[in-house]
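Read through the structure below, which is laid out as C-alpha cells, and then see the notes.
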Amino acid sequence: MKYDAIIIGSGQAGNPLGHKLADHGWKVALIERKHLGGTCINEGCTPTKTMVASAQVAHYARRGAKWGVHTNDVQVHLSEVVDRKNKIVERFRNGQAANVDRRPRLTLYSRHACFLDSRRMPVGEEVIEGESIFINMGTWPHLAATPARQDWA
C-alpha cells in the first residue's frame, strides 16, 4: 500500500500532524506500537498529573485548619486514585481513536515500526510505502535494544 506520508508514533506531534495531513488530502499511515497518545497520555504527563492532583487534594484536606476548614480522618485510597487515573487515560486514548476514526484518509496500524529500506515498512503481513516518513518518538529506546549504560539511572 502506498501512502503520501507514514508517521511513526502517535504522541504529541504524530497525532496532530497525521490529522492535519489527512485533512489536507494526504493519504496517511499512522503506526503506533501500543496505545494512541504516546508517552504523555499513557505513561507520562496525564497519569502523573492526575495522581499528583489527588495528592494535592489530600495535602490541602489534611492542612485545612490553616484556612479555617476542619476535616476528620483524611484517608487516601491508592486503588481509587489509580482507578481514577486509568479512567482519565482511557478517556484520552478514546478521544485520540475517535480523531483517527473520523478521518478516512488516515489509517492506523497498531504495530511495531521498522524499515525495510528508506521508504518501505512491514506492518503485519503487509508492506507499506511512504513518500514522506515522520518519526515521532520522544522517549528512550527499549533498553534491551541498546547497549547497557550506567548513566541512565
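Naming scheme: A, B, ... for chains in displayed order of the C-alpha cells; residues 1 onward per chain; ligands 1 onward as shown.
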Worksheet entry | Backbone-only DSSP, strand (DSSP E) members of chain A, as a list of chain:residue names | A:Lys2, A:Tyr3, A:Asp4, A:Ala5, A:Ile6, A:Ile7, A:Ile8, A:Val28, A:Ala29, A:Leu30, A:Ile31, A:Leu106, A:Thr107, A:Leu108, A:Tyr109, A:Arg120, A:Met121, A:Pro122, A:Val123, A:Glu126, A:Val127, A:Ile128, A:Glu129, A:Gly130, A:Glu131, A:Ser132, A:Ile133, A:Phe134, A:Ile135
Item to complete: Within 9 Å of A:Ala55, counting only C-alpha atoms, which residues show up once you throw out same-chain ones fewer than 5 positions away? Write them as a PyMOL selection string, please.
Response: chain A and resi 50+60+76+81
Item to complete: Write out as a PyMOL selection string which residues come within 8 Å of stretch 96-106 of chain A when counting only C-alpha atoms, dropping same-chain ones fewer than 5 positions away.
Response: chain A and resi 15+18-19+22-23+25-30+36-37
Those residues with C-alpha atoms, as a PDB file, in the first residue's frame please?
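Result written to part-v8.pdb:
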```pdb
ATOM      1  CA  ASN A  15      -1.387  12.784  16.036  1.00  0.00           C
ATOM      2  CA  GLY A  18      -1.475  12.964  10.857  1.00  0.00           C
ATOM      3  CA  HIS A  19      -4.791  14.745  11.325  1.00  0.00           C
ATOM      4  CA  ALA A  22      -5.206  13.798   6.192  1.00  0.00           C
ATOM      5  CA  ASP A  23      -7.453  16.864   6.418  1.00  0.00           C
ATOM      6  CA  GLY A  25      -5.971  15.354   1.338  1.00  0.00           C
ATOM      7  CA  TRP A  26      -2.860  13.323   2.047  1.00  0.00           C
ATOM      8  CA  LYS A  27      -3.160   9.567   2.373  1.00  0.00           C
ATOM      9  CA  VAL A  28      -1.516   8.903   5.746  1.00  0.00           C
ATOM     10  CA  ALA A  29      -0.437   5.798   7.661  1.00  0.00           C
ATOM     11  CA  LEU A  30      -0.004   6.193  11.416  1.00  0.00           C
ATOM     12  CA  LEU A  36      -2.608   6.053  20.885  1.00  0.00           C
ATOM     13  CA  GLY A  37      -1.400   9.212  22.546  1.00  0.00           C
TER      14      GLY A  37
END
```
Practice prompt. Quick one: everything within 12 Å of A:Arg91, counting only C-alpha atoms, minus sequence neighbours fewer than 2 positions away in the same chain. Send it as an MDAnalysis selection string.
Written response: chainID A and resid 36:37 41:42 46:47 84:89 93:98
Item to complete: Go ahead and compute the interatomic distance for atom CA of A:Phe134 and atom CA of A:Gly44, in Å to one decimal.
Response: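 Atom CA of A:Gly44 lies at a distance of 21.8 Å from atom CA of A:Phe134.
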Worksheet item: Using the chain letters and numbers from this document, which residues of stretch 4-96 of chain A does DSSP assign to alpha helix (DSSP H), as a ChimeraX atom specification?
Response: /A:14-23,38-42,45-62,78-96
Practice prompt. Identify which of the residues A:His70, A:Tyr3, A:Ile8, A:Gly14 lies closest to A:Phe115, counting only C-alpha atoms when measuring atom-to-atom distances.
Written response: A:Ile8
Item to complete: Provide the atom CA of A:Leu78 to atom CA of A:Val57 distance in Å, to one decimal place.
Response: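 Atom-to-atom, atom CA of A:Leu78 to atom CA of A:Val57, that is 13.2 Å.
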Worksheet entry | Two-atom distance - atom CA of A:Ser110, atom CA of A:Gly124 (Å) | 9.2 Å
Discussion item. Which residues are close to A:Arg119, i.e. within 12 Å by only C-alpha atoms, leaving aside same-chain residues fewer than 5 positions away? Reply as a list of chain:residue names.
Written reply: A:Met1, A:Lys2, A:Tyr3, A:Asp4, A:Ala5, A:Ile6, A:Ile7, A:Cys114, A:Val127, A:Ile128, A:Glu129, A:Gly130, A:Glu131, A:Ser132, A:Ile133, A:Phe134
